[in-house]
file query-v8.csv (CSV, C-alpha atoms)
chain,number,residue,atom,x,y,z
A,1,MET,CA,95.9,92.5,163.1
A,2,SER,CA,94.7,89.7,165.3
A,3,GLN,CA,93.6,87.7,162.3
A,4,VAL,CA,97.1,88.0,160.7
A,5,ARG,CA,98.7,86.9,164.0
A,6,GLU,CA,96.3,83.9,164.3
A,7,LEU,CA,97.1,82.9,160.7
A,8,GLY,CA,100.8,83.2,161.5
A,9,ASP,CA,100.5,81.0,164.6
A,10,ARG,CA,98.6,78.4,162.7
A,11,ALA,CA,101.2,78.4,159.9
A,12,PHE,CA,104.0,78.1,162.5
A,13,VAL,CA,102.3,75.1,164.2
A,14,ALA,CA,101.7,73.5,160.8
A,15,VAL,CA,105.4,73.9,159.8
A,16,ARG,CA,106.5,72.5,163.1
A,17,ARG,CA,104.3,69.5,162.7
A,18,ILE,CA,105.6,68.8,159.2
A,19,ALA,CA,109.2,69.4,160.4
A,20,ASP,CA,108.9,66.9,163.1
A,21,THR,CA,107.9,64.1,160.8
A,22,ARG,CA,110.5,61.5,159.6
A,23,ASP,CA,109.6,62.0,155.9
A,24,ALA,CA,110.5,65.7,156.2
A,25,TYR,CA,114.0,64.8,157.3
A,26,VAL,CA,114.4,62.2,154.5
A,27,VAL,CA,113.3,64.8,152.0
A,28,VAL,CA,115.8,67.4,153.4
A,29,ALA,CA,118.6,64.8,153.5
A,30,VAL,CA,118.0,63.9,149.8
A,31,LEU,CA,117.9,67.6,148.7
A,32,LEU,CA,121.1,68.5,150.6
A,33,ALA,CA,122.8,65.4,149.3
A,34,LEU,CA,121.9,66.4,145.7
A,35,LEU,CA,123.2,69.9,146.5
A,36,ALA,CA,126.5,68.5,147.8
A,37,VAL,CA,126.9,66.5,144.6
A,38,MET,CA,126.3,69.6,142.5
A,39,GLU,CA,128.8,71.6,144.6
A,40,SER,CA,131.4,68.8,144.1
A,41,ALA,CA,130.8,68.7,140.4
A,42,SER,CA,131.0,72.5,140.1
A,43,ARG,CA,134.4,72.6,141.8
A,44,GLY,CA,136.0,69.8,139.8
A,45,ASP,CA,139.8,69.7,140.0
A,46,ARG,CA,139.8,73.0,141.8
A,47,SER,CA,138.9,71.2,145.0
A,48,GLY,CA,141.5,71.1,147.7
A,49,LEU,CA,140.8,67.4,148.2
A,50,ASP,CA,140.4,64.5,145.8
A,51,GLN,CA,137.0,65.0,144.1
A,52,GLY,CA,135.8,61.5,145.2
A,53,THR,CA,136.9,62.1,148.8
A,54,ALA,CA,135.3,65.5,148.9
A,55,LEU,CA,132.1,64.1,147.5
A,56,LEU,CA,132.1,61.3,150.0
A,57,LEU,CA,132.5,63.7,152.9
A,58,GLY,CA,129.7,65.9,151.5
A,59,LEU,CA,127.4,62.9,151.4
A,60,CYS,CA,128.5,61.8,155.0
A,61,ALA,CA,127.5,65.3,156.2
A,62,THR,CA,124.1,65.3,154.6
A,63,VAL,CA,122.7,61.7,154.2
A,64,PRO,CA,122.6,61.0,158.0
A,65,LEU,CA,119.9,63.6,158.4
A,66,ALA,CA,117.4,61.0,157.2
A,67,PHE,CA,118.1,59.0,160.5
A,68,LEU,CA,118.0,62.1,162.7
A,69,PRO,CA,114.5,61.6,164.2
A,70,ALA,CA,115.1,58.0,165.1
A,71,HIS,CA,118.7,58.2,166.1
A,72,PRO,CA,119.5,61.9,166.9
A,73,VAL,CA,122.8,61.4,168.7
A,74,PRO,CA,124.6,59.1,166.2
A,75,ALA,CA,123.3,61.1,163.2
A,76,ALA,CA,124.4,64.4,164.6
A,77,LEU,CA,127.8,63.0,165.5
A,78,ALA,CA,128.2,61.7,161.9
A,79,VAL,CA,127.3,65.1,160.4
A,80,THR,CA,129.6,66.9,162.8
A,81,LEU,CA,132.6,64.7,162.1
A,82,ALA,CA,132.2,65.0,158.4
A,83,ASN,CA,132.0,68.8,158.7
A,84,SER,CA,135.0,68.8,161.0
A,85,VAL,CA,137.1,66.9,158.4
A,86,LEU,CA,136.0,69.2,155.6
A,87,LEU,CA,137.0,72.2,157.7
A,88,ALA,CA,140.4,70.7,158.7
A,89,SER,CA,141.2,70.2,155.0
A,90,PRO,CA,142.1,72.8,152.5
A,91,GLU,CA,138.6,72.2,151.0
A,92,THR,CA,136.1,75.0,151.3
A,93,PRO,CA,133.1,73.9,153.4
A,94,TYR,CA,130.1,72.7,151.4
A,95,VAL,CA,127.1,74.8,151.9
A,96,ALA,CA,125.0,71.7,152.0
A,97,ALA,CA,127.2,70.2,154.7
A,98,VAL,CA,127.0,73.3,156.8
A,99,LEU,CA,123.2,73.5,156.5
A,100,ALA,CA,123.0,69.8,157.5
A,101,GLY,CA,125.2,70.4,160.5
A,102,MET,CA,123.0,73.3,161.6
A,103,ILE,CA,119.9,71.2,161.3
A,104,ALA,CA,121.4,68.3,163.2
A,105,ALA,CA,122.7,70.6,166.0
A,106,TYR,CA,119.3,72.4,166.3
A,107,ARG,CA,117.4,69.1,166.4
A,108,LEU,CA,119.8,67.6,169.0
A,109,ALA,CA,119.6,70.7,171.2
A,110,ARG,CA,115.8,70.7,171.0
A,111,SER,CA,115.4,67.1,172.0
A,112,ARG,CA,118.3,66.5,174.4
A,113,SER,CA,119.9,68.4,177.3
A,114,ARG,CA,122.7,70.9,177.0
A,115,LEU,CA,125.2,68.3,178.2
A,116,VAL,CA,124.6,66.4,175.0
A,117,ALA,CA,124.1,69.3,172.6
A,118,PHE,CA,127.0,71.7,173.4
A,119,PRO,CA,129.8,69.1,173.1
A,120,LEU,CA,129.0,69.1,169.3
A,121,LEU,CA,130.6,72.5,169.2
A,122,LEU,CA,134.0,71.4,170.5
A,123,PRO,CA,135.5,70.3,167.1
A,124,PHE,CA,134.5,73.7,165.6
A,125,VAL,CA,135.9,75.6,168.6
A,126,VAL,CA,139.2,73.7,168.3
A,127,LEU,CA,139.4,74.4,164.5
A,128,ALA,CA,138.6,78.0,164.9
A,129,LEU,CA,141.2,78.6,167.6
A,130,GLY,CA,143.9,76.3,166.1
A,131,GLU,CA,143.8,77.6,162.5
A,132,PRO,CA,142.1,81.0,162.4
A,133,ARG,CA,140.2,81.0,159.1
A,134,VAL,CA,137.1,82.8,158.1
A,135,ASP,CA,135.4,79.6,157.1
A,136,SER,CA,136.1,78.0,160.5
A,137,THR,CA,134.8,81.1,162.4
A,138,VAL,CA,131.7,81.4,160.3
A,139,VAL,CA,130.8,77.8,160.7
A,140,LEU,CA,131.4,78.0,164.5
A,141,VAL,CA,129.1,81.0,164.7
A,142,LEU,CA,126.4,79.3,162.7
A,143,MET,CA,126.6,76.0,164.6
A,144,THR,CA,126.5,77.9,168.0
A,145,ALA,CA,123.4,79.8,166.8
A,146,ALA,CA,121.7,76.5,165.9
A,147,VAL,CA,122.5,74.9,169.3
A,148,LEU,CA,121.3,78.0,171.2
A,149,LEU,CA,118.1,78.2,169.1
A,150,GLY,CA,117.3,74.6,169.7
A,151,THR,CA,118.0,74.9,173.5
A,152,ALA,CA,115.8,78.0,173.7
A,153,VAL,CA,112.9,76.2,171.9
A,154,ARG,CA,113.3,73.1,174.2
A,155,GLU,CA,113.3,75.3,177.3
A,156,ARG,CA,110.3,77.2,176.1
A,157,GLY,CA,108.4,74.0,175.4
A,158,THR,CA,109.3,72.7,178.9
A,159,ALA,CA,108.1,76.0,180.5
A,160,VAL,CA,104.9,75.8,178.5
A,161,ALA,CA,104.3,72.2,179.5
A,162,ALA,CA,105.1,73.0,183.2
A,163,ALA,CA,102.7,76.0,183.1
A,164,ALA,CA,100.0,73.8,181.6
A,165,ALA,CA,100.6,71.1,184.2
A,166,GLU,CA,100.5,73.7,187.0
A,167,ARG,CA,97.2,75.1,185.7
A,168,GLU,CA,95.7,71.6,185.5
A,169,THR,CA,96.9,70.8,189.0
A,170,ALA,CA,95.4,74.1,190.3
A,171,GLU,CA,92.1,73.3,188.6
A,172,THR,CA,92.1,69.8,190.0
A,173,LEU,CA,92.8,71.1,193.5
A,174,HIS,CA,90.1,73.7,193.2
A,175,ASP,CA,87.6,71.2,192.0
A,176,TYR,CA,88.6,68.8,194.8
A,177,ALA,CA,88.2,71.6,197.3
A,178,ALA,CA,84.8,72.5,195.9
A,179,ARG,CA,83.6,68.9,195.9
A,180,GLY,CA,84.8,68.5,199.5
A,181,GLU,CA,83.0,71.7,200.5
A,182,ARG,CA,79.8,70.5,198.9
A,183,ALA,CA,80.1,67.2,200.8
A,184,ARG,CA,80.6,69.1,204.0
A,185,ILE,CA,77.5,71.3,203.3
A,186,ALA,CA,75.4,68.3,202.4
A,187,ARG,CA,76.4,66.5,205.6
A,188,GLU,CA,75.8,69.6,207.8
A,189,LEU,CA,72.5,70.3,206.2
A,190,HIS,CA,71.3,66.8,206.8
A,191,ASP,CA,72.6,66.7,210.3
A,192,VAL,CA,71.3,70.1,211.4
A,193,VAL,CA,68.4,71.2,209.2
A,194,ALA,CA,66.9,67.7,208.9
A,195,HIS,CA,67.2,67.3,212.7
A,196,HIS,CA,65.2,70.4,213.4
A,197,ILE,CA,62.6,69.9,210.7
A,198,SER,CA,62.0,66.4,212.0
A,199,ILE,CA,61.4,67.9,215.5
A,200,ILE,CA,58.9,70.3,214.0
A,201,ALA,CA,57.0,67.4,212.4
A,202,VAL,CA,57.1,65.3,215.6
A,203,GLN,CA,56.0,68.2,217.8
A,204,ALA,CA,53.1,69.1,215.6
A,205,GLU,CA,51.9,65.5,215.6
A,206,THR,CA,52.4,65.2,219.4
A,207,ALA,CA,50.6,68.5,220.0
A,208,ARG,CA,47.6,67.4,217.9
A,209,LEU,CA,47.3,64.0,219.7
A,210,SER,CA,48.1,65.2,223.3
A,211,THR,CA,46.2,68.5,223.5
A,212,PRO,CA,42.7,67.9,225.1
A,213,GLY,CA,39.8,69.8,223.6
A,214,LEU,CA,41.8,71.0,220.6
A,215,PRO,CA,39.4,72.7,218.1
A,216,PRO,CA,39.2,71.0,214.7
A,217,GLU,CA,40.6,74.1,213.0
A,218,GLY,CA,43.7,73.9,215.3
A,219,ALA,CA,44.1,70.2,214.6
A,220,GLN,CA,44.0,70.9,210.8
A,221,ARG,CA,46.7,73.5,211.2
A,222,LEU,CA,48.9,71.1,213.2
A,223,ILE,CA,48.4,68.5,210.5
A,224,ALA,CA,49.3,71.1,207.8
A,225,ILE,CA,52.4,72.0,209.8
A,226,GLY,CA,53.5,68.3,210.0
A,227,ASP,CA,52.8,67.8,206.3
A,228,THR,CA,54.8,70.9,205.3
A,229,ALA,CA,57.7,69.7,207.5
A,230,ARG,CA,57.7,66.3,205.9
A,231,SER,CA,57.5,67.8,202.4
A,232,ALA,CA,60.5,70.0,203.3
A,233,LEU,CA,62.4,67.0,204.4
A,234,THR,CA,61.7,65.2,201.1
A,235,GLU,CA,62.8,68.2,199.0
A,236,MET,CA,65.9,68.7,201.1
A,237,ARG,CA,66.8,65.0,200.6
A,238,ARG,CA,66.5,65.5,196.9
A,239,LEU,CA,68.9,68.5,197.0
A,240,LEU,CA,71.3,66.6,199.2
A,241,GLY,CA,71.2,63.7,196.8
A,242,VAL,CA,72.4,66.0,194.0
A,243,LEU,CA,75.1,67.5,196.2
A,244,ARG,CA,76.4,64.0,197.2
A,245,GLU,CA,76.4,62.7,193.6
A,246,ASP,CA,78.7,65.6,192.6
A,247,ALA,CA,80.8,65.6,195.8
A,248,ASP,CA,83.6,63.3,196.8
A,249,THR,CA,82.3,61.5,199.8
A,250,GLY,CA,85.9,60.6,200.8
A,251,THR,CA,86.8,64.2,201.4
A,252,ARG,CA,87.8,65.0,205.0
A,253,ALA,CA,85.5,67.4,206.7
A,254,VAL,CA,86.7,70.6,208.1
A,255,ARG,CA,86.7,70.1,211.9
A,256,ALA,CA,85.6,73.5,213.2
A,257,PRO,CA,84.9,74.0,216.9
A,258,GLN,CA,81.2,72.9,216.6
A,259,PRO,CA,79.0,71.1,219.1
A,260,GLY,CA,80.7,68.6,221.3
A,261,LEU,CA,79.8,66.1,224.1
A,262,GLU,CA,79.0,68.9,226.5
A,263,GLU,CA,75.9,69.7,224.4
A,264,LEU,CA,74.6,66.1,224.6
A,265,ASN,CA,72.5,66.9,227.7
A,266,ALA,CA,70.7,69.7,225.8
A,267,LEU,CA,70.3,67.3,222.8
A,268,VAL,CA,68.8,64.6,225.0
A,269,ASP,CA,66.5,67.1,226.7
A,270,GLU,CA,65.3,68.3,223.4
A,271,ALA,CA,64.6,64.8,222.1
A,272,ARG,CA,62.7,64.0,225.3
A,273,ALA,CA,60.6,67.2,225.1
A,274,SER,CA,59.8,66.7,221.4
A,275,SER,CA,58.8,63.0,221.6
A,276,GLY,CA,57.4,62.9,225.1
A,277,ALA,CA,59.1,59.6,225.7
A,278,SER,CA,62.0,58.7,228.0
A,279,THR,CA,65.4,59.6,226.7
A,280,ARG,CA,68.4,59.0,228.9
A,281,LEU,CA,72.1,59.8,228.7
A,282,ILE,CA,74.3,57.1,230.3
A,283,VAL,CA,78.0,57.6,230.8
A,284,ARG,CA,80.4,54.8,231.7
A,285,GLY,CA,84.2,54.7,232.4
A,286,GLY,CA,86.5,57.5,233.2
A,287,VAL,CA,85.6,60.7,231.4
A,288,VAL,CA,88.6,62.2,229.6
A,289,PRO,CA,89.0,65.4,227.5
A,290,LEU,CA,88.7,64.5,223.8
A,291,ASP,CA,89.8,66.0,220.6
A,292,PRO,CA,87.1,68.4,219.1
A,293,GLY,CA,86.9,66.3,216.0
A,294,VAL,CA,86.0,63.2,218.0
A,295,GLN,CA,83.4,65.2,220.1
A,296,LEU,CA,81.8,66.6,216.9
A,297,THR,CA,81.6,63.2,215.3
A,298,ALA,CA,80.0,61.6,218.4
A,299,PHE,CA,77.5,64.5,218.7
A,300,ARG,CA,76.4,64.3,215.1
A,301,ILE,CA,76.0,60.5,215.3
A,302,VAL,CA,73.8,60.8,218.4
A,303,GLN,CA,71.8,63.6,216.8
A,304,GLU,CA,71.2,61.6,213.7
A,305,ALA,CA,70.3,58.4,215.5
A,306,LEU,CA,67.8,60.2,217.8
A,307,THR,CA,66.3,61.8,214.7
A,308,ASN,CA,65.9,58.4,213.1
A,309,ALA,CA,64.4,57.0,216.3
A,310,ARG,CA,61.7,59.7,216.4
A,311,ARG,CA,61.0,59.2,212.7
A,312,HIS,CA,60.7,55.4,212.7
A,313,ALA,CA,59.7,54.7,216.3
A,314,PRO,CA,57.7,57.7,217.5
A,315,GLY,CA,57.1,57.6,221.3
A,316,ALA,CA,59.7,54.9,221.9
A,317,ALA,CA,62.1,55.3,224.8
A,318,ALA,CA,65.8,55.8,223.8
A,319,ASP,CA,69.1,55.5,225.7
A,320,VAL,CA,72.3,57.3,224.7
A,321,GLU,CA,75.4,55.5,226.1
A,322,LEU,CA,78.9,56.8,226.2
A,323,ASP,CA,81.5,54.2,227.2
A,324,TYR,CA,85.0,55.6,227.8
A,325,ALA,CA,87.7,52.9,227.4
A,326,ASP,CA,91.5,53.3,227.4
A,327,GLU,CA,91.8,53.9,223.6
A,328,THR,CA,88.3,54.1,222.3
A,329,LEU,CA,85.0,55.9,222.9
A,330,ARG,CA,81.9,53.7,222.3
A,331,VAL,CA,78.7,55.6,221.4
A,332,ARG,CA,75.5,53.5,221.5
A,333,ILE,CA,72.0,54.8,220.8
A,334,ARG,CA,69.3,52.2,221.5
A,335,ASP,CA,65.5,52.6,221.2
A,336,SER,CA,62.6,50.4,222.2
A,337,GLY,CA,60.7,50.7,219.0
A,338,PRO,CA,60.1,48.0,216.3
A,339,GLY,CA,62.9,49.3,214.1
A,340,PRO,CA,62.7,50.1,210.4
A,341,ALA,CA,61.6,47.6,207.8
A,342,LEU,CA,64.9,47.9,205.8
A,343,ASP,CA,67.4,50.3,207.1
A,344,PRO,CA,67.2,53.1,209.7
A,345,ASP,CA,67.4,55.8,207.1
A,346,GLY,CA,64.6,54.8,204.8
A,347,ALA,CA,64.7,54.6,201.0
A,348,GLY,CA,66.9,57.3,199.5
A,349,GLY,CA,68.1,58.7,202.8
A,350,HIS,CA,71.6,59.7,203.8
A,351,GLY,CA,71.6,59.4,207.6
A,352,VAL,CA,73.5,56.2,207.9
A,353,VAL,CA,75.8,57.2,205.1
A,354,GLY,CA,76.6,60.4,206.9
A,355,MET,CA,77.2,58.6,210.2
A,356,ARG,CA,79.5,56.0,208.6
A,357,GLU,CA,81.4,58.8,206.9
A,358,ARG,CA,81.9,60.6,210.1
A,359,ALA,CA,83.0,57.5,212.0
A,360,ALA,CA,85.4,56.4,209.2
A,361,MET,CA,86.8,60.0,209.0
A,362,MET,CA,88.0,59.6,212.6
A,363,GLY,CA,89.4,56.1,212.0
A,364,GLY,CA,86.4,54.4,213.7
A,365,SER,CA,83.5,52.2,212.6
A,366,LEU,CA,79.7,52.2,212.8
A,367,THR,CA,77.3,49.3,213.0
A,368,PHE,CA,73.5,49.3,213.3
A,369,GLY,CA,70.7,46.7,213.4
A,370,ARG,CA,68.0,45.2,215.6
A,371,SER,CA,68.8,44.9,219.2
A,372,VAL,CA,68.9,41.6,221.0
A,373,GLY,CA,66.4,42.7,223.6
A,374,GLY,CA,64.1,44.4,221.0
A,375,GLY,CA,64.3,47.8,219.4
A,376,PHE,CA,67.1,49.2,217.2
A,377,VAL,CA,70.6,50.1,218.1
A,378,VAL,CA,73.3,52.2,216.4
A,379,GLU,CA,76.8,51.8,217.8
A,380,ALA,CA,80.0,53.7,216.8
A,381,VAL,CA,83.5,53.0,218.0
A,382,LEU,CA,85.8,56.0,217.8
A,383,PRO,CA,89.5,55.8,218.6
A,384,ILE,CA,90.8,58.3,221.2
A,385,PRO,CA,93.9,60.1,219.8
A,386,LEU,CA,97.0,59.4,222.0
A,387,ASP,CA,97.7,63.1,222.1
A,388,ALA,CA,94.2,64.0,223.2
A,389,PRO,CA,94.1,67.0,225.5
call {"tool": "encode", "arguments": {"input": "query-v8.csv", "output": "structure tokens"}}
result
Amino acid sequence: MSQVRELGDRAFVAVRRIADTRDAYVVVAVLLALLAVMESASRGDRSGLDQGTALLLGLCATVPLAFLPAHPVPAALAVTLANSVLLASPETPYVAAVLAGMIAAYRLARSRSRLVAFPLLLPFVVLALGEPRVDSTVVLVLMTAAVLLGTAVRERGTAVAAAAAERETAETLHDYAARGERARIARELHDVVAHHISIIAVQAETARLSTPGLPPEGAQRLIAIGDTARSALTEMRRLLGVLREDADTGTRAVRAPQPGLEELNALVDEARASSGASTRLIVRGGVVPLDPGVQLTAFRIVQEALTNARRHAPGAAADVELDYADETLRVRIRDSGPGPALDPDGAGGHGVVGMRERAAMMGGSLTFGRSVGGGFVVEAVLPIPLDAP
């Protein structure tokens, strides 16, 4: 049963494709014109009109079908007028003319709005009401059926197209949301997991170098811990590279209530304990409450910058500065190390990319480079929303 239905659907689609071609309308117009000639010849002198006039009207009602695809409104009007004149005369309507009128009405209703298609029925309504004849009533019913069928097909096609567009839009939005979520996951994995794994590697190396009388076996274990942590960082960066290639980096992150500026003291203490070097938090200006999104962005930038400092300048002192201005928050992380050879994130890393994304997401900017007095500096300028709490 399903195969029969599938074959029927294919046949219907094929017929519609053929029917929509201009050649098909030319063929139909020629056939109906020949039929009109045969009808006129068969009636002869029994026709209510002069035979030549009746033949001319029959041709005027059929030949314009050839121009229906290119000029649907003029062709449909010509066919309708010719049919109306035939109905208004004592002449019995030509079957070819009525068929041509139905085809023209159907095509016009299928390709144009109701305001264009339904006025074609007015001449037939007037004739059916003004002179009640069976011919006029039958033609009115047939023409009305053709217009209604064309309108139904057009509305169904519009509904199918709208449903397809809606599905495509829903799939696009779903894909957009998925890519945005992957970008957020990649950013959070890099900011959080990479931060802690870096601390493990730094602490293992610090413990190996700073613990007096450490047995060789313990030193080897600490070296293995550091190597494992660095391998984990490498593998995680590969995974994050795949996520970022598939994700839209312009997607706005979801600003959930995550760490803010209040947690900076704990972050600085953690950095100081893991590196054994001086790490200070310096606050300037009048401290004001900030939007959670601004706080999260500042926290993640400081976290990433300190991680880079420990990775590229182990043992170097670092200062974290927060400068509150009237409309901006300036976040500066400066270390006293030599700085990286190329960029602070190393080849293939995503730290600077993530910091820039976060700053840009809040409408701010981020710069980095060698400091004038030596070392490396990362500076972010974040606008403070006017409606900040």
call {"tool": "atom_distance", "arguments": {"input": "query-v8.csv", "atom1": "atom CA of A:Leu281", "atom2": "atom CA of A:Leu264"}}
result
7.9 Å
call {"tool": "residues_around", "arguments": {"input": "query-v8.csv", "residues": "A:Val193", "least_positions_apart": "5", "cutoff": "10 Å", "atoms": "only C-alpha atoms", "output": "PyMOL selection string"}}
result
chain A and resi 187-188+198-199+232-233+236
call {"tool": "residues_near_point", "arguments": {"input": "query-v8.csv", "point": "(128.1, 67.1, 156.6)", "cutoff": "7 Å", "atoms": "only C-alpha atoms", "output": "NGL selection string"}}
result
:A and (57-62 or 79-80 or 82-83 or 97-98 or 100-101)
call {"tool": "closest_residue", "arguments": {"input": "query-v8.csv", "among": "A:Met362, A:Ile223, A:Ala88, A:Ala305", "to": "A:Pro292", "atoms": "all atoms listed in the file"}}
result
A:Met362
call {"tool": "residues_around", "arguments": {"input": "query-v8.csv", "residues": "A:Ala277", "least_positions_apart": "4", "cutoff": "10 Å", "atoms": "all atoms listed in the file", "output": "PyMOL selection string"}}
result
chain A and resi 271-273+310+314-318
call {"tool": "write_last_selection", "arguments": {"input": "query-v8.csv", "atoms": "C-alpha atoms", "output": "mmCIF file, in the coordinates of the input"}}
result
data_model
loop_
_atom_site.group_PDB
_atom_site.id
_atom_site.type_symbol
_atom_site.label_atom_id
_atom_site.label_comp_id
_atom_site.auth_asym_id
_atom_site.auth_seq_id
_atom_site.Cartn_x
_atom_site.Cartn_y
_atom_site.Cartn_z
ATOM 1 C CA ALA A 271 64.600 64.800 222.100
ATOM 2 C CA ARG A 272 62.700 64.000 225.300
ATOM 3 C CA ALA A 273 60.600 67.200 225.100
ATOM 4 C CA ARG A 310 61.700 59.700 216.400
ATOM 5 C CA PRO A 314 57.700 57.700 217.500
ATOM 6 C CA GLY A 315 57.100 57.600 221.300
ATOM 7 C CA ALA A 316 59.700 54.900 221.900
ATOM 8 C CA ALA A 317 62.100 55.300 224.800
ATOM 9 C CA ALA A 318 65.800 55.800 223.800
#
call {"tool": "closest_residue", "arguments": {"input": "query-v8.csv", "among": "A:Phe67, A:Phe368, A:Phe299, A:Tyr94", "to": "A:Leu261", "atoms": "only C-alpha atoms"}}
result
A:Phe299
call {"tool": "closest_residue", "arguments": {"input": "query-v8.csv", "among": "A:Leu122, A:Leu55, A:Val381, A:Ile200", "to": "A:Ala229", "atoms": "only C-alpha atoms"}}
result
A:Ile200
call {"tool": "build_atoms", "arguments": {"input": "query-v8.csv", "residues": "stretch 22-28 of chain A", "atoms": "all heavy atoms", "output": "PDB file, keeping the file's coordinate frame"}}
result
ATOM      1  N   ARG A  22     109.289  62.180 160.135  1.00  0.00           N
ATOM      2  CA  ARG A  22     110.500  61.500 159.600  1.00  0.00           C
ATOM      3  C   ARG A  22     110.626  61.771 158.096  1.00  0.00           C
ATOM      4  O   ARG A  22     111.734  61.921 157.575  1.00  0.00           O
ATOM      5  CB  ARG A  22     110.441  60.043 159.888  1.00  0.00           C
ATOM      6  CG  ARG A  22     110.525  59.709 161.369  1.00  0.00           C
ATOM      7  CD  ARG A  22     110.627  58.209 161.592  1.00  0.00           C
ATOM      8  NE  ARG A  22     110.754  57.909 163.012  1.00  0.00           N
ATOM      9  CZ  ARG A  22     110.944  56.678 163.485  1.00  0.00           C
ATOM     10  NH1 ARG A  22     111.016  55.661 162.654  1.00  0.00           N
ATOM     11  NH2 ARG A  22     111.044  56.479 164.783  1.00  0.00           N
ATOM     12  N   ASP A  23     109.500  61.811 157.390  1.00  0.00           N
ATOM     13  CA  ASP A  23     109.600  62.000 155.900  1.00  0.00           C
ATOM     14  C   ASP A  23     110.186  63.368 155.605  1.00  0.00           C
ATOM     15  O   ASP A  23     110.893  63.491 154.591  1.00  0.00           O
ATOM     16  CB  ASP A  23     108.147  61.933 155.343  1.00  0.00           C
ATOM     17  CG  ASP A  23     107.567  60.538 155.462  1.00  0.00           C
ATOM     18  OD1 ASP A  23     108.359  59.578 155.636  1.00  0.00           O
ATOM     19  OD2 ASP A  23     106.327  60.401 155.409  1.00  0.00           O
ATOM     20  N   ALA A  24     109.919  64.358 156.448  1.00  0.00           N
ATOM     21  CA  ALA A  24     110.500  65.700 156.200  1.00  0.00           C
ATOM     22  C   ALA A  24     112.026  65.616 156.248  1.00  0.00           C
ATOM     23  O   ALA A  24     112.729  66.226 155.416  1.00  0.00           O
ATOM     24  CB  ALA A  24     109.960  66.693 157.173  1.00  0.00           C
ATOM     25  N   TYR A  25     112.575  64.883 157.195  1.00  0.00           N
ATOM     26  CA  TYR A  25     114.000  64.800 157.300  1.00  0.00           C
ATOM     27  C   TYR A  25     114.616  63.981 156.146  1.00  0.00           C
ATOM     28  O   TYR A  25     115.727  64.273 155.672  1.00  0.00           O
ATOM     29  CB  TYR A  25     114.408  64.137 158.642  1.00  0.00           C
ATOM     30  CG  TYR A  25     114.325  65.096 159.797  1.00  0.00           C
ATOM     31  CD1 TYR A  25     113.166  65.198 160.559  1.00  0.00           C
ATOM     32  CD2 TYR A  25     115.399  65.905 160.133  1.00  0.00           C
ATOM     33  CE1 TYR A  25     113.075  66.085 161.610  1.00  0.00           C
ATOM     34  CE2 TYR A  25     115.328  66.798 161.192  1.00  0.00           C
ATOM     35  CZ  TYR A  25     114.161  66.892 161.925  1.00  0.00           C
ATOM     36  OH  TYR A  25     114.081  67.770 162.969  1.00  0.00           O
ATOM     37  N   VAL A  26     113.886  62.988 155.680  1.00  0.00           N
ATOM     38  CA  VAL A  26     114.400  62.200 154.500  1.00  0.00           C
ATOM     39  C   VAL A  26     114.427  63.118 153.288  1.00  0.00           C
ATOM     40  O   VAL A  26     115.411  63.100 152.521  1.00  0.00           O
ATOM     41  CB  VAL A  26     113.441  61.009 154.268  1.00  0.00           C
ATOM     42  CG1 VAL A  26     113.819  60.318 152.966  1.00  0.00           C
ATOM     43  CG2 VAL A  26     113.520  60.034 155.437  1.00  0.00           C
ATOM     44  N   VAL A  27     113.379  63.934 153.099  1.00  0.00           N
ATOM     45  CA  VAL A  27     113.300  64.800 152.000  1.00  0.00           C
ATOM     46  C   VAL A  27     114.498  65.846 152.037  1.00  0.00           C
ATOM     47  O   VAL A  27     115.209  66.110 151.039  1.00  0.00           O
ATOM     48  CB  VAL A  27     111.993  65.560 151.875  1.00  0.00           C
ATOM     49  CG1 VAL A  27     112.022  66.645 150.795  1.00  0.00           C
ATOM     50  CG2 VAL A  27     110.882  64.565 151.594  1.00  0.00           C
ATOM     51  N   VAL A  28     114.693  66.431 153.234  1.00  0.00           N
ATOM     52  CA  VAL A  28     115.800  67.400 153.400  1.00  0.00           C
ATOM     53  C   VAL A  28     117.131  66.738 153.170  1.00  0.00           C
ATOM     54  O   VAL A  28     118.035  67.319 152.532  1.00  0.00           O
ATOM     55  CB  VAL A  28     115.716  68.025 154.811  1.00  0.00           C
ATOM     56  CG1 VAL A  28     116.955  68.866 155.078  1.00  0.00           C
ATOM     57  CG2 VAL A  28     114.463  68.877 154.946  1.00  0.00           C
TER      58      VAL A  28
END
